[in-house]
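Enquirer: What follows is entry-v4.txt, compact mmCIF, C-alpha atoms.
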```
# COMPACT_ATOMS: atom_id res chain seq x y z
CA MET K 263 28.45 2.24 -7.49
CA THR K 264 25.50 2.38 -9.79
CA ILE K 265 22.12 0.86 -9.20
CA ASP K 266 20.23 -0.75 -12.08
CA LEU K 267 16.68 0.51 -12.43
CA TYR K 268 14.33 -1.55 -14.55
CA HIS K 269 11.64 0.86 -15.57
CA MET K 270 9.22 2.19 -18.11
CA ALA K 271 9.66 5.94 -18.46
CA PRO K 272 6.05 7.24 -18.21
CA SER K 273 5.07 4.97 -15.28
CA GLY K 274 4.34 7.06 -12.18
CA PRO K 275 5.99 4.68 -9.68
CA CYS K 276 9.09 4.47 -11.93
CA ARG K 277 9.33 8.25 -12.14
CA ALA K 278 9.04 8.49 -8.34
CA VAL K 279 12.13 6.30 -7.96
CA ARG K 280 14.10 8.40 -10.45
CA MET K 281 13.15 11.65 -8.73
CA VAL K 282 14.20 10.40 -5.30
CA ALA K 283 17.50 9.04 -6.63
CA LYS K 284 18.19 12.38 -8.32
CA ILE K 285 17.51 14.36 -5.14
CA ILE K 286 19.79 12.22 -2.96
CA GLY K 287 22.48 11.93 -5.62
CA VAL K 288 22.29 8.21 -6.38
CA ASP K 289 23.20 7.28 -9.96
CA LEU K 290 20.85 4.95 -11.76
CA ASN K 291 21.64 2.78 -14.72
CA LEU K 292 18.32 2.85 -16.58
CA LYS K 293 17.10 -0.35 -18.18
CA ASN K 294 13.96 -0.04 -20.23
CA VAL K 295 11.33 -2.73 -19.88
CA ASP K 296 8.69 -2.43 -22.59
CA LEU K 297 5.54 -3.60 -20.80
CA MET K 298 3.46 -3.22 -23.98
CA ALA K 299 5.76 -5.75 -25.65
CA GLY K 300 5.61 -8.08 -22.62
CA GLU K 301 9.32 -7.79 -21.78
CA GLN K 302 8.51 -8.17 -18.08
CA ASN K 303 7.55 -11.78 -18.75
CA LYS K 304 10.93 -12.80 -20.16
CA PRO K 305 12.67 -15.50 -18.12
CA GLU K 306 15.63 -13.23 -17.16
CA PHE K 307 13.26 -10.70 -15.66
CA LEU K 308 11.04 -13.30 -13.98
CA LYS K 309 14.12 -14.79 -12.33
CA MET K 310 14.80 -11.43 -10.69
CA ASN K 311 11.23 -10.51 -9.92
CA PRO K 312 8.60 -13.28 -10.07
CA GLN K 313 5.94 -10.59 -9.65
CA HIS K 314 7.19 -9.12 -12.97
CA CYS K 315 6.46 -5.48 -12.20
CA VAL K 316 8.38 -2.26 -12.62
CA PRO K 317 10.10 -0.42 -11.07
CA THR K 318 12.60 -3.06 -9.93
CA ILE K 319 16.12 -2.25 -8.76
CA ASP K 320 19.31 -4.27 -8.56
CA ASP K 321 21.61 -2.77 -5.98
CA ASP K 322 24.76 -4.87 -6.09
CA GLY K 323 22.75 -8.09 -6.20
CA PHE K 324 19.96 -6.98 -3.91
CA ILE K 325 16.75 -7.05 -5.96
CA LEU K 326 13.82 -4.96 -4.81
CA TRP K 327 10.48 -3.95 -6.26
CA GLU K 328 7.41 -1.92 -5.16
CA SER K 329 8.25 1.73 -5.81
CA ARG K 330 7.45 2.96 -2.31
CA ALA K 331 9.60 0.28 -0.69
CA ILE K 332 12.39 1.23 -3.12
CA ILE K 333 12.34 4.94 -2.28
CA GLN K 334 12.27 4.18 1.45
CA TYR K 335 15.23 1.85 0.98
CA LEU K 336 17.21 4.36 -1.08
CA VAL K 337 16.91 7.05 1.58
CA ASN K 338 17.50 4.61 4.47
CA LYS K 339 20.66 3.41 2.79
CA TYR K 340 22.11 6.37 0.90
CA ALA K 341 20.76 9.44 2.70
CA PRO K 342 19.81 8.33 6.22
CA ASP K 343 19.81 11.87 7.58
CA SER K 344 17.63 13.30 4.82
CA SER K 345 14.40 15.01 5.82
CA LEU K 346 12.80 13.23 2.85
CA TYR K 347 12.20 10.33 5.24
CA PRO K 348 12.47 11.61 8.81
CA LYS K 349 13.81 9.35 11.54
CA ASP K 350 11.46 10.53 14.26
CA PRO K 351 8.94 7.65 14.56
CA ARG K 352 5.87 9.88 14.51
CA GLN K 353 7.02 11.99 11.56
CA ARG K 354 8.06 8.86 9.73
CA ALA K 355 4.68 7.25 10.43
CA VAL K 356 2.91 10.20 8.82
CA VAL K 357 5.04 9.83 5.68
CA ASP K 358 4.28 6.10 5.63
CA ARG K 359 0.57 6.80 6.14
CA LEU K 360 0.58 9.01 3.04
CA LEU K 361 2.54 6.51 0.97
CA TYR K 362 -0.14 3.92 1.78
CA PHE K 363 -2.87 6.48 1.09
CA ASP K 364 -1.26 7.11 -2.28
CA MET K 365 -1.11 3.44 -3.17
CA GLY K 366 -4.40 2.23 -1.77
CA THR K 367 -6.70 5.21 -2.21
CA LEU K 368 -5.43 7.94 -4.51
CA PHE K 369 -3.42 6.11 -7.20
CA LYS K 370 -5.99 3.30 -7.09
CA ALA K 371 -8.96 5.61 -7.68
CA GLN K 372 -7.01 7.46 -10.33
CA GLY K 373 -6.10 4.25 -12.15
CA GLU K 374 -9.70 3.06 -12.20
CA TYR K 375 -10.69 6.35 -13.82
CA PHE K 376 -7.64 6.76 -16.06
CA TYR K 377 -6.73 3.34 -17.49
CA PRO K 378 -10.03 2.53 -19.27
CA GLN K 379 -9.75 5.91 -21.03
CA VAL K 380 -6.14 5.56 -22.18
CA PHE K 381 -5.91 1.83 -22.84
CA LYS K 382 -9.45 1.03 -23.98
CA GLY K 383 -10.46 4.38 -25.43
CA GLN K 384 -13.56 4.45 -23.21
CA ASP K 385 -15.41 7.62 -22.25
CA PRO K 386 -14.75 9.04 -18.77
CA ASP K 387 -16.86 7.20 -16.17
CA PRO K 388 -18.59 9.77 -13.91
CA GLU K 389 -18.78 7.35 -10.96
CA LYS K 390 -15.05 6.63 -11.17
CA GLU K 391 -14.34 10.34 -11.42
CA SER K 392 -16.44 10.97 -8.35
CA ASN K 393 -14.39 8.37 -6.38
CA TYR K 394 -11.20 9.99 -7.65
CA LYS K 395 -12.41 13.41 -6.56
CA THR K 396 -13.22 12.08 -3.09
CA ALA K 397 -9.61 10.91 -2.79
CA LEU K 398 -8.35 14.24 -4.12
CA GLY K 399 -10.56 15.96 -1.55
CA TYR K 400 -8.74 14.17 1.28
CA LEU K 401 -5.43 15.34 -0.14
CA GLU K 402 -6.74 18.90 -0.49
CA GLY K 403 -7.81 18.79 3.17
CA ASN K 404 -4.34 17.66 4.11
CA LEU K 405 -2.73 20.52 2.21
CA GLU K 406 -4.98 23.02 3.96
CA LYS K 407 -3.21 22.10 7.18
CA SER K 408 0.41 21.90 6.04
CA SER K 409 2.50 23.11 3.12
CA TYR K 410 3.59 19.60 2.13
CA VAL K 411 1.49 16.46 2.35
CA ALA K 412 3.21 15.10 5.46
CA GLY K 413 4.15 18.32 7.22
CA ASP K 414 6.24 21.41 6.55
CA LYS K 415 8.98 19.74 4.51
CA LEU K 416 9.26 17.88 1.24
CA THR K 417 9.16 14.12 1.86
CA LEU K 418 8.94 10.85 -0.07
CA ALA K 419 5.16 11.12 0.15
CA ASP K 420 5.14 14.36 -1.88
CA ILE K 421 7.27 12.79 -4.58
CA SER K 422 5.24 9.60 -4.76
CA ILE K 423 1.97 11.55 -4.97
CA VAL K 424 3.26 14.07 -7.54
CA ALA K 425 4.43 11.11 -9.64
CA SER K 426 0.91 9.66 -9.39
CA LEU K 427 -1.05 12.83 -10.12
CA SER K 428 1.14 14.03 -13.00
CA MET K 429 -0.04 10.95 -14.92
CA MET K 430 -3.32 12.81 -15.45
CA GLU K 431 -1.51 15.29 -17.70
CA VAL K 432 -1.80 12.61 -20.38
CA LEU K 433 -5.55 13.37 -20.39
CA ASP K 434 -5.07 17.12 -19.86
CA TYR K 435 -6.96 16.67 -16.60
CA LYS K 436 -6.97 19.84 -14.52
CA PHE K 437 -6.96 20.04 -10.74
CA SER K 438 -8.51 23.50 -10.85
CA SER K 439 -11.22 22.66 -8.32
CA PHE K 440 -8.42 21.77 -5.87
CA PRO K 441 -6.46 25.01 -5.46
CA LYS K 442 -4.17 23.70 -2.71
CA ILE K 443 -3.22 20.65 -4.77
CA SER K 444 -2.59 22.81 -7.85
CA ALA K 445 -0.32 25.23 -5.97
CA TRP K 446 1.52 22.46 -4.12
CA MET K 447 2.15 20.49 -7.34
CA ALA K 448 3.61 23.54 -9.06
CA LYS K 449 5.88 24.18 -6.07
CA VAL K 450 7.10 20.57 -5.76
CA LYS K 451 7.84 20.35 -9.50
CA GLU K 452 10.05 23.43 -9.16
CA GLU K 453 11.95 21.88 -6.28
CA ILE K 454 12.85 18.61 -7.95
CA PRO K 455 16.02 18.84 -10.05
CA ASP K 456 15.54 17.83 -13.69
CA TYR K 457 11.82 17.40 -13.14
CA LYS K 458 11.00 18.11 -16.79
CA ALA K 459 13.39 15.59 -18.30
CA MET K 460 12.30 12.83 -15.93
CA ASN K 461 8.57 13.54 -16.12
CA ASP K 462 7.25 15.92 -18.77
CA GLU K 463 9.15 14.32 -21.64
CA PRO K 464 8.06 10.70 -21.04
CA LEU K 465 4.50 11.85 -20.28
CA GLN K 466 4.37 13.78 -23.55
CA GLY K 467 5.53 10.65 -25.36
CA PHE K 468 2.80 8.64 -23.66
CA LYS K 469 0.23 11.27 -24.54
CA ALA K 470 1.21 11.09 -28.20
CA TRP K 471 0.87 7.31 -28.07
CA VAL K 472 -2.62 7.56 -26.55
CA LYS K 473 -3.64 10.03 -29.27
CA SER K 474 -2.31 7.79 -32.02
CA LYS K 475 -4.48 4.92 -30.70
CA LYS K 476 -7.65 6.99 -30.74
CA PRO K 477 -9.93 6.41 -33.71
CA GLN K 478 -10.03 9.63 -35.75
CA MET X 62 8.72 -1.15 29.35
CA ASN X 63 5.64 0.50 30.73
CA ILE X 64 3.43 1.47 27.81
CA SER X 65 0.33 3.60 28.31
CA PRO X 66 -2.76 2.14 26.67
CA ILE X 67 -3.33 3.18 23.08
CA ASP X 68 -6.84 3.98 21.84
CA PHE X 69 -7.67 1.55 19.07
CA TYR X 70 -10.67 2.27 16.84
CA TYR X 71 -11.64 -0.93 15.07
CA PHE X 72 -14.24 -3.13 13.43
CA PRO X 73 -13.82 -6.86 14.19
CA LEU X 74 -14.11 -8.42 10.74
CA SER X 75 -11.79 -5.83 9.16
CA ALA X 76 -8.49 -7.49 8.22
CA PRO X 77 -6.34 -4.36 8.72
CA CYS X 78 -7.85 -3.99 12.21
CA ARG X 79 -7.03 -7.60 13.07
CA ALA X 80 -3.47 -7.04 11.85
CA VAL X 81 -3.01 -4.12 14.23
CA ASP X 82 -4.59 -6.10 17.08
CA MET X 83 -2.19 -9.02 16.50
CA VAL X 84 0.84 -6.74 16.31
CA ALA X 85 -0.18 -5.13 19.60
CA GLY X 86 -0.50 -8.64 21.03
CA HIS X 87 2.93 -9.55 19.74
CA LEU X 88 4.49 -6.47 21.33
CA ASP X 89 2.39 -6.59 24.55
CA ILE X 90 1.01 -3.12 23.90
CA PRO X 91 -2.15 -2.46 25.90
CA LEU X 92 -5.05 -1.33 23.72
CA LYS X 93 -8.14 0.56 24.77
CA LYS X 94 -10.51 -0.92 22.21
CA LYS X 95 -13.15 1.33 20.70
CA PHE X 96 -15.62 -0.46 18.51
CA VAL X 97 -16.67 1.59 15.49
CA ASN X 98 -19.62 0.01 13.74
CA THR X 99 -18.87 0.98 10.16
CA TRP X 100 -21.95 -0.93 9.00
CA GLN X 101 -24.01 1.61 10.97
CA GLY X 102 -22.00 4.59 9.71
CA GLU X 103 -20.41 5.32 13.09
CA GLN X 104 -17.16 6.34 11.35
CA LEU X 105 -18.99 9.38 9.99
CA LYS X 106 -19.80 10.83 13.40
CA SER X 107 -18.21 14.21 13.97
CA GLU X 108 -16.00 13.05 16.88
CA PHE X 109 -14.44 10.43 14.67
CA LEU X 110 -14.10 12.70 11.63
CA LYS X 111 -12.20 15.11 13.83
CA LEU X 112 -9.67 12.37 14.58
CA ASN X 113 -9.49 10.97 11.07
CA PRO X 114 -11.03 12.97 8.21
CA THR X 115 -10.73 9.95 5.89
CA HIS X 116 -12.92 8.05 8.41
CA THR X 117 -11.19 4.71 8.13
CA VAL X 118 -10.46 1.99 10.65
CA PRO X 119 -8.10 1.02 12.11
CA THR X 120 -7.16 4.36 13.67
CA ILE X 121 -5.05 4.71 16.80
CA ASN X 122 -4.50 7.51 19.25
CA ASP X 123 -1.16 7.12 21.03
CA SER X 124 -1.16 9.84 23.71
CA GLY X 125 -2.43 12.47 21.27
CA PHE X 126 -0.69 11.16 18.15
CA VAL X 127 -3.46 9.99 15.82
CA LEU X 128 -2.54 7.59 13.04
CA TRP X 129 -4.40 5.54 10.46
CA GLU X 130 -3.51 3.14 7.60
CA SER X 131 -2.94 -0.23 9.26
CA ARG X 132 0.48 -0.86 7.73
CA ALA X 133 1.77 2.54 8.82
CA ILE X 134 0.39 1.78 12.29
CA ILE X 135 2.07 -1.60 12.63
CA THR X 136 5.48 -0.39 11.49
CA TYR X 137 5.14 2.60 13.83
CA LEU X 138 4.31 0.33 16.77
CA ALA X 139 7.16 -2.03 15.93
CA ASP X 140 9.63 0.84 15.52
CA LEU X 141 8.63 2.40 18.81
CA TYR X 142 7.81 -0.60 20.99
CA GLY X 143 9.71 -3.42 19.26
CA LYS X 144 11.38 -5.97 21.53
CA ASP X 145 13.91 -7.25 19.03
CA ASP X 146 15.50 -6.45 15.69
CA VAL X 147 13.67 -9.21 13.87
CA PHE X 148 9.97 -8.30 13.84
CA TYR X 149 10.64 -5.08 11.87
CA PRO X 150 14.37 -5.28 11.21
CA SER X 151 16.60 -2.22 11.06
CA ASN X 152 18.92 -3.87 8.55
CA ARG X 153 18.13 -1.89 5.41
CA ARG X 154 17.78 -4.77 3.02
CA LYS X 155 15.72 -6.87 5.39
CA ARG X 156 13.48 -3.92 6.21
CA ALA X 157 13.01 -3.19 2.51
CA VAL X 158 11.75 -6.73 1.92
CA VAL X 159 9.26 -6.38 4.79
CA ASP X 160 8.06 -3.06 3.35
CA ARG X 161 7.84 -4.60 -0.10
CA MET X 162 5.57 -7.34 1.27
CA LEU X 163 3.37 -4.79 3.06
CA TYR X 164 2.86 -2.99 -0.25
CA PHE X 165 2.27 -6.32 -1.99
CA ASP X 166 -0.39 -7.04 0.61
CA MET X 167 -2.11 -3.71 0.21
CA GLY X 168 -1.87 -3.20 -3.52
CA SER X 169 -2.06 -6.74 -4.85
CA LEU X 170 -3.20 -9.43 -2.43
CA TYR X 171 -5.67 -7.74 -0.09
CA ARG X 172 -7.02 -5.67 -2.96
CA ALA X 173 -7.73 -8.84 -4.97
CA ILE X 174 -9.37 -10.43 -1.91
CA ILE X 175 -11.65 -7.43 -1.38
CA ASP X 176 -12.57 -7.16 -5.06
CA PHE X 177 -13.53 -10.83 -5.15
CA GLN X 178 -15.09 -11.21 -1.73
CA ILE X 179 -17.14 -8.06 -1.08
CA PRO X 180 -19.78 -8.64 -3.79
CA ILE X 181 -20.23 -12.26 -2.60
CA MET X 182 -20.32 -11.40 1.08
CA PHE X 183 -22.51 -8.31 1.07
CA ARG X 184 -24.57 -8.62 -2.08
CA GLY X 185 -24.88 -12.37 -2.30
CA GLU X 186 -23.52 -12.34 -5.83
CA GLU X 187 -22.06 -15.39 -7.54
CA PRO X 188 -18.23 -15.51 -7.57
CA ASP X 189 -16.86 -13.50 -10.49
CA ALA X 190 -14.53 -15.64 -12.63
CA GLY X 191 -12.32 -12.72 -13.69
CA LYS X 192 -11.86 -11.49 -10.13
CA GLU X 193 -11.17 -15.02 -8.95
CA ARG X 194 -8.47 -15.38 -11.60
CA VAL X 195 -6.77 -12.20 -10.33
CA LEU X 196 -7.00 -13.44 -6.75
CA LEU X 197 -5.50 -16.83 -7.66
CA GLU X 198 -2.64 -15.05 -9.44
CA LYS X 199 -1.84 -13.00 -6.33
CA LEU X 200 -2.09 -16.07 -4.09
CA ALA X 201 0.33 -17.82 -6.46
CA PHE X 202 2.86 -15.01 -5.84
CA LEU X 203 2.50 -15.55 -2.11
CA GLU X 204 2.85 -19.31 -2.61
CA GLN X 205 6.08 -18.62 -4.50
CA PHE X 206 7.46 -16.39 -1.71
CA LEU X 207 6.61 -19.08 0.85
CA THR X 208 8.33 -21.71 -1.28
CA ASP X 209 11.56 -19.73 -1.00
CA TYR X 210 11.27 -18.89 2.70
CA PRO X 211 9.36 -20.08 5.78
CA TYR X 212 7.92 -16.60 6.40
CA VAL X 213 6.71 -14.06 3.86
CA ALA X 214 9.77 -11.81 4.15
CA GLY X 215 12.48 -14.33 4.95
CA GLU X 216 13.67 -16.58 7.74
CA ASN X 217 11.76 -14.91 10.57
CA LEU X 218 8.29 -13.78 11.52
CA THR X 219 7.80 -10.07 10.76
CA VAL X 220 4.98 -7.52 10.74
CA ALA X 221 4.40 -8.48 7.10
CA ASP X 222 3.35 -12.00 8.15
CA LEU X 223 0.70 -10.61 10.48
CA SER X 224 -0.63 -8.15 7.91
CA ILE X 225 -0.87 -10.87 5.26
CA LEU X 226 -2.24 -13.38 7.78
CA ALA X 227 -5.10 -11.01 8.61
CA SER X 228 -5.79 -10.51 4.89
CA VAL X 229 -5.72 -14.17 3.88
CA THR X 230 -7.91 -15.31 6.79
CA PHE X 231 -10.56 -12.80 5.69
CA LEU X 232 -11.33 -15.42 3.03
CA GLU X 233 -12.69 -17.64 5.84
CA ALA X 234 -15.75 -15.38 5.94
CA ILE X 235 -16.79 -16.82 2.55
CA ASP X 236 -15.30 -20.29 3.22
CA PHE X 237 -12.85 -19.92 0.34
CA THR X 238 -10.50 -22.90 0.19
CA LEU X 239 -6.73 -22.52 -0.14
CA SER X 240 -6.13 -26.22 -0.74
CA SER X 241 -4.39 -25.58 -4.07
CA PHE X 242 -1.76 -23.52 -2.20
CA PRO X 243 0.01 -26.01 0.09
CA LYS X 244 2.74 -23.58 1.18
CA ILE X 245 0.21 -20.96 2.21
CA GLU X 246 -1.83 -23.58 4.06
CA ALA X 247 1.22 -24.89 5.90
CA TRP X 248 2.27 -21.34 6.83
CA LEU X 249 -1.26 -20.64 8.14
CA GLN X 250 -1.26 -23.82 10.23
CA ARG X 251 2.16 -22.97 11.63
CA LEU X 252 1.17 -19.42 12.59
CA ARG X 253 -2.07 -20.57 14.20
CA LYS X 254 0.00 -22.77 16.50
CA GLU X 255 2.93 -20.40 16.98
CA LEU X 256 1.10 -17.21 17.84
CA PRO X 257 -0.34 -17.26 21.37
CA TYR X 258 -2.62 -14.33 20.56
CA TYR X 259 -3.97 -15.83 17.32
CA GLN X 260 -7.22 -17.24 18.69
CA GLU X 261 -8.30 -14.14 20.58
CA ARG X 262 -7.09 -11.46 18.21
CA ASN X 263 -7.79 -13.05 14.86
CA GLN X 264 -9.99 -16.15 14.99
CA ASP X 265 -12.48 -14.82 17.56
CA ALA X 266 -12.73 -11.52 15.69
CA ILE X 267 -13.50 -13.35 12.43
CA GLU X 268 -16.14 -15.47 14.20
CA GLU X 269 -17.69 -12.33 15.67
CA GLY X 270 -17.70 -10.78 12.20
CA LYS X 271 -19.35 -13.86 10.72
CA ARG X 272 -22.00 -13.71 13.42
CA MET X 273 -22.68 -10.07 12.61
CA LEU X 274 -22.81 -10.97 8.93
CA SER X 275 -25.45 -13.66 9.49
CA GLU X 276 -27.57 -11.26 11.54
CA ARG X 277 -27.30 -8.67 8.79
CA LYS X 278 -28.71 -11.02 6.15
```
Turn the structure described in the file into structure tokens.

Expert:
Amino acid sequence: MTIDLYHMAPSGPCRAVRMVAKIIGVDLNLKNVDLMAGEQNKPEFLKMNPQHCVPTIDDDGFILWESRAIIQYLVNKYAPDSSLYPKDPRQRAVVDRLLYFDMGTLFKAQGEYFYPQVFKGQDPDPEKESNYKTALGYLEGNLEKSSYVAGDKLTLADISIVASLSMMEVLDYKFSSFPKISAWMAKVKEEIPDYKAMNDEPLQGFKAWVKSKKPQ
Amino acid sequence: MNISPIDFYYFPLSAPCRAVDMVAGHLDIPLKKKFVNTWQGEQLKSEFLKLNPTHTVPTINDSGFVLWESRAIITYLADLYGKDDVFYPSNRRKRAVVDRMLYFDMGSLYRAIIDFQIPIMFRGEEPDAGKERVLLEKLAFLEQFLTDYPYVAGENLTVADLSILASVTFLEAIDFTLSSFPKIEAWLQRLRKELPYYQERNQDAIEEGKRMLSERK
């Protein structure tokens, strides 16, 4: 059986879902939703997901959105014994903690720094960058203690966070002042099958779009 | 089940702290409450930083296992100490909807509440029309969910209700009215009556927070 994934290729949360599905061997039927053209507000899509966000999946009639809930669901259902989302309550809680950290702290701070630059052509805001670096500092501290963000194995939290941080490649942003993050990102990218096709290609397309919008 | 008391680092007005407190009440988990006055910077003391380098509340210490992020805490408590299969269901689809609502709370609803409320509450600013519009949009999503079901994630009360309940009642601190959201209001009224721990673990904490707020001004 194939699961429909409504997505937009460069979106970090959408890429996270694709990477997890690839690792656990779940086939996705990709359905593009062009957010720039407002396709998420069409009645067919609103009927499925009144919150009109991507990623959204349709698994044999079960509609789900929120990327982190989707990747948890995919592993719970299709790879329940995978170490991507450990069953031990304490190990699982640490993965969950980092998924919430990603959403509420890291990806949030990144978005506040990133979006005004790519969508409004504004100059980088030093205060927003400072908040972003504080969040990155927490992650760096985490990676000083363990080789992956939630322990000594690759988990959903690594994939969600790599999907978030790789967005910054659109701005050629370097994590050079965070050596642990840099090394860990390179390692995780190597471990994910087809990483380039699912991530680098759409991000390069997005980057070209951002450049084309910039006044010469 | 005999559960050893869990250390609970909290600040009363904080919605995520009230959510954890209510979940502990729901599951009859004894808490050893440790007040951290974040308005006085107590979260930056070295003992606390050693526990949680991101210095956030709520934080728990369950016999040496230290955890933060309220929504990770409440699902952990429900997984470990749950009394039934309803509050945080093991059925994969049902669980996914609960998780979805927890992320909705964190990333959409509670975030919009904070963005709107904090400048009014702490800096005495006038309500920002743009931020209010975002908040009303998120409340409208919740209204829609509660039109389809009696609880936020379906037919039964789950951890997601308590997380969202703590978030929405934060608006009481600025006397924000929800009268244009009848489903949300009805759900609030119902929970206030249904939950035996509501008064002590949510309402009293909000009142205490409001008292602290008035002393701060």

Enquirer: Check every residue of chain K for an atom within 9 Å of chain X, counting only C-alpha atoms, and provide those that qualify as a ChimeraX atom specification.

Expert: /K:312-313,324,326-332,334-335,338-339,351-352,354-363,365-366,370,397,400,403

Enquirer: List the spatial neighbours of region 254-270 of chain X as a list in words - criterion: any atom at most 6 Å away, all atoms listed in the file, same-chain residues fewer than 5 positions off excluded.

Expert: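 Close residues of region 254-270 of chain X: Pro73, Leu74, Arg79 and Met83 of chain X.
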
Enquirer: To one decimal in Å, tell me the separation between CA of Val316 (chain K) and CA of Val213 (chain X).

Expert: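 Atom-to-atom, CA of Val316 (chain K) to CA of Val213 (chain X), that is 20.3 Å.
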
Enquirer: What separation in Å, quoted to one decimal, exists between CA of Gly215 (chain X) and CA of Ile325 (chain K)?

Expert: 13.8 Å

Enquirer: Name the residues in contact with Asp456 (chain K) at a cut-off of 12 Å, using all atoms listed in the file, excluding same-chain residues fewer than 2 positions from it; report them as a tab-separated table (two decimals) with C-alpha atoms, in the frame of the given file.

Expert:
```tsv
chain	number	residue	atom	x	y	z
K	277	ARG	CA	9.33	8.25	-12.14
K	280	ARG	CA	14.10	8.40	-10.45
K	281	MET	CA	13.15	11.65	-8.73
K	282	VAL	CA	14.20	10.40	-5.30
K	283	ALA	CA	17.50	9.04	-6.63
K	284	LYS	CA	18.19	12.38	-8.32
K	285	ILE	CA	17.51	14.36	-5.14
K	450	VAL	CA	7.10	20.57	-5.76
K	451	LYS	CA	7.84	20.35	-9.50
K	452	GLU	CA	10.05	23.43	-9.16
K	453	GLU	CA	11.95	21.88	-6.28
K	454	ILE	CA	12.85	18.61	-7.95
K	458	LYS	CA	11.00	18.11	-16.79
K	459	ALA	CA	13.39	15.59	-18.30
K	460	MET	CA	12.30	12.83	-15.93
K	461	ASN	CA	8.57	13.54	-16.12
K	462	ASP	CA	7.25	15.92	-18.77
K	463	GLU	CA	9.15	14.32	-21.64
```

Enquirer: Calculate, to one decimal in Å, the centre and edge lengths of the box along x, y and z of the file that holds all listed atoms of region 375-392 of chain K with 3 Å of margin on each side, and present them as AutoDock Vina command-line options.

Expert:
```
--center_x -12.3 --center_y 6.0 --center_z -16.9 --size_x 18.9 --size_y 15.9 --size_z 23.1
```

Enquirer: Grab the CA of Leu416 (chain K) to CA of Lys349 (chain K) distance for me, in Å with one decimal place.

Expert: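 Spanning CA of Leu416 (chain K) to CA of Lys349 (chain K) is a straight-line distance of 14.1 Å.
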
Enquirer: Would you kindly return, as a ChimeraX atom specification, each protein, DNA or RNA residue with an atom no farther than 9 Å from any atom of Lys244 (chain X), considering only C-alpha atoms and excluding same-chain residues fewer than 3 positions away?

Expert: /X:203-205,207-208,211,247-249

Enquirer: Find the residues around region 340-343 of chain K up to 7 Å (all atoms listed in the file counted), leave out those fewer than 3 positions away in its own chain, and share them as a count of residues only.

Expert: 3

Enquirer: Counting only C-alpha atoms, which of X:Ile235, X:Val84, X:Ile121, X:Leu112 gets nearest to Met182 (chain X)?

Expert: X:Ile235

Enquirer: Using all atoms listed in the file, pick whichever of X:Ile67, X:Leu232, X:Ile175, X:Leu226 has the shortest atom-to-atom distance to Gly125 (chain X).

Expert: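 Ranking X:Ile67, X:Leu232, X:Ile175, X:Leu226 by distance to Gly125 (chain X), first place goes to X:Ile67.
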
Enquirer: For Leu274 (chain X), which residue out of X:Phe242, X:Lys94, X:Asp146, X:Trp100 is the nearest one, using all atoms listed in the file?

Expert: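 Answer, going by the shortest atom-to-atom distance: X:Trp100.
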
Enquirer: Identify which of the residues X:Gly185, X:Pro150, X:Gly191, X:Pro77 lies closest to Pro119 (chain X), counting all atoms listed in the file when measuring atom-to-atom distances.

Expert: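 Residue with the minimum atom-to-atom distance to Pro119 (chain X): X:Pro77.
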
Enquirer: Could region 104-111 of chain X be completed with N, CA, C and O atoms and returned as a tab-separated table (two decimals), in the coordinates of the input?

Expert:
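Full text of part_35.tsv as output:
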```
chain	number	residue	atom	x	y	z
X	104	GLN	N	-18.43	5.65	11.70
X	104	GLN	CA	-17.16	6.34	11.35
X	104	GLN	C	-17.41	7.74	10.82
X	104	GLN	O	-16.47	8.51	10.66
X	105	LEU	N	-18.69	8.05	10.53
X	105	LEU	CA	-18.99	9.38	9.99
X	105	LEU	C	-19.44	10.38	11.05
X	105	LEU	O	-19.77	11.52	10.74
X	106	LYS	N	-19.45	9.92	12.31
X	106	LYS	CA	-19.80	10.83	13.40
X	106	LYS	C	-18.71	11.90	13.55
X	106	LYS	O	-17.54	11.63	13.32
X	107	SER	N	-19.14	13.07	13.98
X	107	SER	CA	-18.21	14.21	13.97
X	107	SER	C	-16.99	13.98	14.87
X	107	SER	O	-15.88	14.40	14.54
X	108	GLU	N	-17.16	13.28	16.00
X	108	GLU	CA	-16.00	13.05	16.88
X	108	GLU	C	-14.94	12.25	16.14
X	108	GLU	O	-13.74	12.50	16.29
X	109	PHE	N	-15.41	11.27	15.36
X	109	PHE	CA	-14.44	10.43	14.67
X	109	PHE	C	-13.81	11.16	13.47
X	109	PHE	O	-12.61	11.06	13.23
X	110	LEU	N	-14.62	11.93	12.77
X	110	LEU	CA	-14.10	12.70	11.63
X	110	LEU	C	-13.03	13.70	12.08
X	110	LEU	O	-12.12	14.01	11.32
X	111	LYS	N	-13.19	14.17	13.31
X	111	LYS	CA	-12.20	15.11	13.83
X	111	LYS	C	-10.85	14.41	14.01
X	111	LYS	O	-9.80	14.99	13.78
```
